[in-house]
Amino acid sequence: MVVRGVEVSDPDKVFFPESGVTKGDVAEYYGRIAETMLPHVRGRCVSMHRWPDGIEGEDFYQKEAPDYFPDWIRTETVPRKRGGSVRHVVIDDARTLVYLADQACLTPHVWLSRAEAPAEPDRLVFDLDPPQGDDGHGEDVRWAARRLNDLLRELGLDPSVMTSGSRGFHIHVALIDVADFEVSRSFARDVSHLLAERHPERLTVAQRKQKRGSRIFLDYLRNGYAQTSVPPYSVRARSGAPVAMPIDWDELSGVEPRSYDVRNVFRRMGQKTDSWEQLDETGRGLDEAREGLDELAAEEEG
């Protein structure tokens, strides 16, 4: 089986037993979605989440690009946070997406910065995570997304929302002229704390799951150097082969975190263009937003 010029080995191997989605299905999906997905991953270092025997088998994350990967795959060597360096895959074309699928990489997690400037974030991300035992099928996680959207817009930013393909929703903000991850991480932390303080019965920033109770976790922790995020249109290792799907804010009420999968996503794409097509054009700096956030925090403390 050849997809986008890549020979896919063992294409009939079932990766998602409940729905019968095979390795070949995943490779074909990435081959078809590539032109829409590439703007959201191009130029970013990748951490590969690999499932050699499908989602019921063992999995592992791999940062270092193996020596056996073909020469036509772009790689970039970037500093580790605590010394040394690592050679990451960088997805620049459809062939690379398909090749990674052939290597059982279901989800290519990407950095929040570009490979040429790894220490300078150009994305801010919040993961709205429902309580354990709740797959996000309910209004609480949507309510949290709306409250976060309201606060970020009040601060002059332009957030975008995406179904995670897993349990909740992700909120992304495009950034420009942000010097380092300490700036973006501290901003995301303080936004999350302020929102949780406004709604302590429904929202939390507690990292320990046993302390969250029935509240939605505002996860801002991905906003750090070498941290990664699930990119739009990526496959998730969940039953039914769901995918992360950018949506418009007015669609939020009508979707669940796993509404889209490798078999129904193209029906939507045939009716609607990429909701995040203009994301880069919405980029903002954080100086004014930080000033506004500090003012709000001071007012509410007073």
# chains A, B, ... in the order shown; residues from 1 in each chain; ligands from 1
$ select_by_dssp --residues "segment 192-283 of chain A" --states "alpha helix (DSSP H)" --output "ChimeraX atom specification"
/A:192-198,265-269
$ closest_atom_pairs --of "segment 184-297 of chain A" --to "segment 13-17 of chain A" --cutoff "8 Å" --atoms "only C-alpha atoms" --output "Markdown table"
| residue | atom | partner | partner_atom | distance |
| --- | --- | --- | --- | --- |
| A:Arg238 | CA | A:Phe16 | CA | 7.9 |
| A:Ser239 | CA | A:Phe16 | CA | 6.4 |
| A:Gly240 | CA | A:Phe16 | CA | 6.5 |
| A:Ala241 | CA | A:Phe16 | CA | 6.5 |
$ closest_atom_pairs --of "segment 202-302 of chain A" --to "segment 26-29 of chain A" --cutoff "12 Å" --atoms "only C-alpha atoms" --output "Markdown table"
| residue | atom | partner | partner_atom | distance |
| --- | --- | --- | --- | --- |
| A:Tyr233 | CA | A:Tyr29 | CA | 9.7 |
| A:Ser234 | CA | A:Tyr29 | CA | 9.7 |
| A:Val235 | CA | A:Val26 | CA | 8.0 |
| A:Arg236 | CA | A:Val26 | CA | 10.6 |
| A:Ala237 | CA | A:Val26 | CA | 11.2 |
| A:Gly240 | CA | A:Val26 | CA | 11.5 |
| A:Ala241 | CA | A:Val26 | CA | 8.5 |
| A:Pro242 | CA | A:Val26 | CA | 10.8 |
| A:Val243 | CA | A:Tyr29 | CA | 10.3 |
| A:Asp261 | CA | A:Tyr29 | CA | 9.8 |
| A:Val262 | CA | A:Tyr29 | CA | 6.2 |
| A:Arg263 | CA | A:Tyr29 | CA | 8.3 |
| A:Asn264 | CA | A:Tyr29 | CA | 10.6 |
| A:Val265 | CA | A:Tyr29 | CA | 9.3 |
| A:Phe266 | CA | A:Tyr29 | CA | 9.3 |
$ residues_around --residues "Phe126 of chain A" --least-positions-apart "6" --cutoff "12 Å" --atoms "only C-alpha atoms" --output "ChimeraX atom specification"
/A:112,144-145,148-149,152,159-162,164,168-173,184-185,187-189,191-192,205,216-223,228-230
$ write_last_selection --atoms "C-alpha atoms" --output "PDB file, in the first residue's frame"
ATOM      1  CA  LEU A 112       4.491  25.709  20.972  1.00  0.00           C
ATOM      2  CA  ALA A 144     -15.556  26.585  31.288  1.00  0.00           C
ATOM      3  CA  ALA A 145     -14.453  27.142  27.694  1.00  0.00           C
ATOM      4  CA  LEU A 148     -11.997  31.355  29.523  1.00  0.00           C
ATOM      5  CA  ASN A 149     -12.844  32.784  26.116  1.00  0.00           C
ATOM      6  CA  LEU A 152      -8.998  36.213  27.262  1.00  0.00           C
ATOM      7  CA  PRO A 159      -8.610  32.670  21.419  1.00  0.00           C
ATOM      8  CA  SER A 160      -9.616  29.718  19.264  1.00  0.00           C
ATOM      9  CA  VAL A 161     -11.247  26.473  20.372  1.00  0.00           C
ATOM     10  CA  MET A 162     -10.715  22.848  19.350  1.00  0.00           C
ATOM     11  CA  SER A 164      -9.456  17.512  21.805  1.00  0.00           C
ATOM     12  CA  GLY A 168     -12.214  18.003  26.830  1.00  0.00           C
ATOM     13  CA  PHE A 169     -11.537  21.072  24.734  1.00  0.00           C
ATOM     14  CA  HIS A 170      -8.331  22.971  23.995  1.00  0.00           C
ATOM     15  CA  ILE A 171      -8.087  26.750  23.764  1.00  0.00           C
ATOM     16  CA  HIS A 172      -5.223  28.196  21.687  1.00  0.00           C
ATOM     17  CA  VAL A 173      -4.007  31.776  21.381  1.00  0.00           C
ATOM     18  CA  SER A 184       3.770  32.946  28.396  1.00  0.00           C
ATOM     19  CA  ARG A 185       3.683  30.307  31.129  1.00  0.00           C
ATOM     20  CA  PHE A 187       0.564  34.596  32.033  1.00  0.00           C
ATOM     21  CA  ALA A 188      -1.317  31.341  31.406  1.00  0.00           C
ATOM     22  CA  ARG A 189      -0.888  30.389  35.065  1.00  0.00           C
ATOM     23  CA  VAL A 191      -5.174  33.660  33.914  1.00  0.00           C
ATOM     24  CA  SER A 192      -6.090  30.178  35.127  1.00  0.00           C
ATOM     25  CA  VAL A 205      -5.897  24.583  39.020  1.00  0.00           C
ATOM     26  CA  ILE A 216     -12.937  21.257  35.597  1.00  0.00           C
ATOM     27  CA  PHE A 217      -9.142  21.394  35.625  1.00  0.00           C
ATOM     28  CA  LEU A 218      -7.657  24.452  33.897  1.00  0.00           C
ATOM     29  CA  ASP A 219      -4.438  22.910  32.634  1.00  0.00           C
ATOM     30  CA  TYR A 220      -1.942  25.614  31.663  1.00  0.00           C
ATOM     31  CA  LEU A 221       1.146  23.474  32.303  1.00  0.00           C
ATOM     32  CA  ARG A 222       1.962  22.815  28.637  1.00  0.00           C
ATOM     33  CA  ASN A 223       3.169  26.382  28.259  1.00  0.00           C
ATOM     34  CA  THR A 228       4.087  19.908  23.453  1.00  0.00           C
ATOM     35  CA  SER A 229       0.452  20.163  22.455  1.00  0.00           C
ATOM     36  CA  VAL A 230      -1.922  18.067  20.381  1.00  0.00           C
TER      37      VAL A 230
END
$ atom_distance --atom1 "atom CA of Arg167 of chain A" --atom2 "atom CA of Pro257 of chain A"
5.8 Å
$ atom_distance --atom1 "atom CA of Thr22 of chain A" --atom2 "atom CA of Ala65 of chain A"
24.3 Å
$ residues_around --residues "Leu100 of chain A" --least-positions-apart "3" --cutoff "12 Å" --atoms "only C-alpha atoms" --output "VMD selection string"
chain A and resid 3 6 to 9 23 26 to 28 30 to 31 46 to 52 62 65 to 66 69 to 70 73 89 to 91 93 to 97 103 to 109 234 to 235
$ write_last_selection --atoms "C-alpha atoms" --output "PDB file, in the first residue's frame"
ATOM      1  CA  VAL A   3       0.145   6.666   0.345  1.00  0.00           C
ATOM      2  CA  VAL A   6       5.272   6.214   1.189  1.00  0.00           C
ATOM      3  CA  GLU A   7       5.123   2.435   1.342  1.00  0.00           C
ATOM      4  CA  VAL A   8       2.894   1.567   4.308  1.00  0.00           C
ATOM      5  CA  SER A   9       3.815  -1.769   5.836  1.00  0.00           C
ATOM      6  CA  LYS A  23      -2.923   1.211  10.207  1.00  0.00           C
ATOM      7  CA  VAL A  26      -4.698   6.030   9.649  1.00  0.00           C
ATOM      8  CA  ALA A  27      -2.052   6.502   6.959  1.00  0.00           C
ATOM      9  CA  GLU A  28      -4.724   7.307   4.351  1.00  0.00           C
ATOM     10  CA  TYR A  30      -3.090  11.656   7.277  1.00  0.00           C
ATOM     11  CA  GLY A  31      -2.446  11.623   3.554  1.00  0.00           C
ATOM     12  CA  VAL A  46       7.619  16.758  17.153  1.00  0.00           C
ATOM     13  CA  SER A  47       7.344  14.305  20.008  1.00  0.00           C
ATOM     14  CA  MET A  48       6.040  11.058  18.526  1.00  0.00           C
ATOM     15  CA  HIS A  49       3.412   9.102  20.466  1.00  0.00           C
ATOM     16  CA  ARG A  50       3.769   5.603  19.051  1.00  0.00           C
ATOM     17  CA  TRP A  51       1.489   2.575  19.408  1.00  0.00           C
ATOM     18  CA  PRO A  52       3.166  -0.324  17.521  1.00  0.00           C
ATOM     19  CA  GLN A  62       9.864   9.299  21.287  1.00  0.00           C
ATOM     20  CA  ALA A  65      14.571  10.983  15.486  1.00  0.00           C
ATOM     21  CA  PRO A  66      15.841   7.419  14.894  1.00  0.00           C
ATOM     22  CA  PHE A  69      14.446   7.495   9.363  1.00  0.00           C
ATOM     23  CA  PRO A  70      14.936   8.463   5.689  1.00  0.00           C
ATOM     24  CA  ILE A  73      12.532  13.782   6.590  1.00  0.00           C
ATOM     25  CA  VAL A  89      11.530  15.336  13.496  1.00  0.00           C
ATOM     26  CA  VAL A  90       9.952  18.420  11.937  1.00  0.00           C
ATOM     27  CA  ILE A  91       6.849  17.864   9.793  1.00  0.00           C
ATOM     28  CA  ASP A  93       5.183  17.796   4.094  1.00  0.00           C
ATOM     29  CA  ALA A  94       2.494  15.172   3.621  1.00  0.00           C
ATOM     30  CA  ARG A  95       5.030  12.385   3.146  1.00  0.00           C
ATOM     31  CA  THR A  96       6.349  12.929   6.657  1.00  0.00           C
ATOM     32  CA  LEU A  97       2.864  12.733   8.176  1.00  0.00           C
ATOM     33  CA  GLN A 103       5.807   4.129  12.254  1.00  0.00           C
ATOM     34  CA  ALA A 104       2.654   3.799  14.386  1.00  0.00           C
ATOM     35  CA  CYS A 105       2.804   7.429  15.492  1.00  0.00           C
ATOM     36  CA  LEU A 106      -0.882   8.144  15.977  1.00  0.00           C
ATOM     37  CA  THR A 107      -0.423  11.605  17.477  1.00  0.00           C
ATOM     38  CA  PRO A 108       2.515  13.851  16.524  1.00  0.00           C
ATOM     39  CA  HIS A 109       2.623  16.211  19.515  1.00  0.00           C
ATOM     40  CA  SER A 234      -4.295  14.707  14.798  1.00  0.00           C
ATOM     41  CA  VAL A 235      -5.593  11.227  15.602  1.00  0.00           C
TER      42      VAL A 235
END
$ select_by_dssp --residues "segment 76-244 of chain A" --states "strand (DSSP E or B)" --output "PyMOL selection string"
chain A and resi 76-79+85-90+105-111+113+121+123-129+160-163+169-175+203-204+216-219+228-229+235+242-243
$ closest_residue --among "A:His40, A:Leu175, A:Trp111, A:Asp140" --to "Glu201 of chain A" --atoms "only C-alpha atoms"
A:Asp140
$ residues_around --residues "Gly156 of chain A" --least-positions-apart "2" --cutoff "9 Å" --atoms "only C-alpha atoms" --output "list of chain:residue names"
A:Leu151, A:Leu152, A:Arg153, A:Glu154, A:Asp158, A:Arg284, A:Glu288, A:Ala289, A:Gly292
$ closest_residue --among "A:Ala115, A:Leu252, A:Val125, A:Leu296" --to "Asp92 of chain A" --atoms "only C-alpha atoms"
A:Ala115
$ closest_residue --among "A:Val110, A:Leu124, A:Val21, A:Met1" --to "Arg42 of chain A" --atoms "only C-alpha atoms"
A:Val110
$ atom_distance --atom1 "atom CA of Asp129 of chain A" --atom2 "atom CA of Glu299 of chain A"
28.1 Å
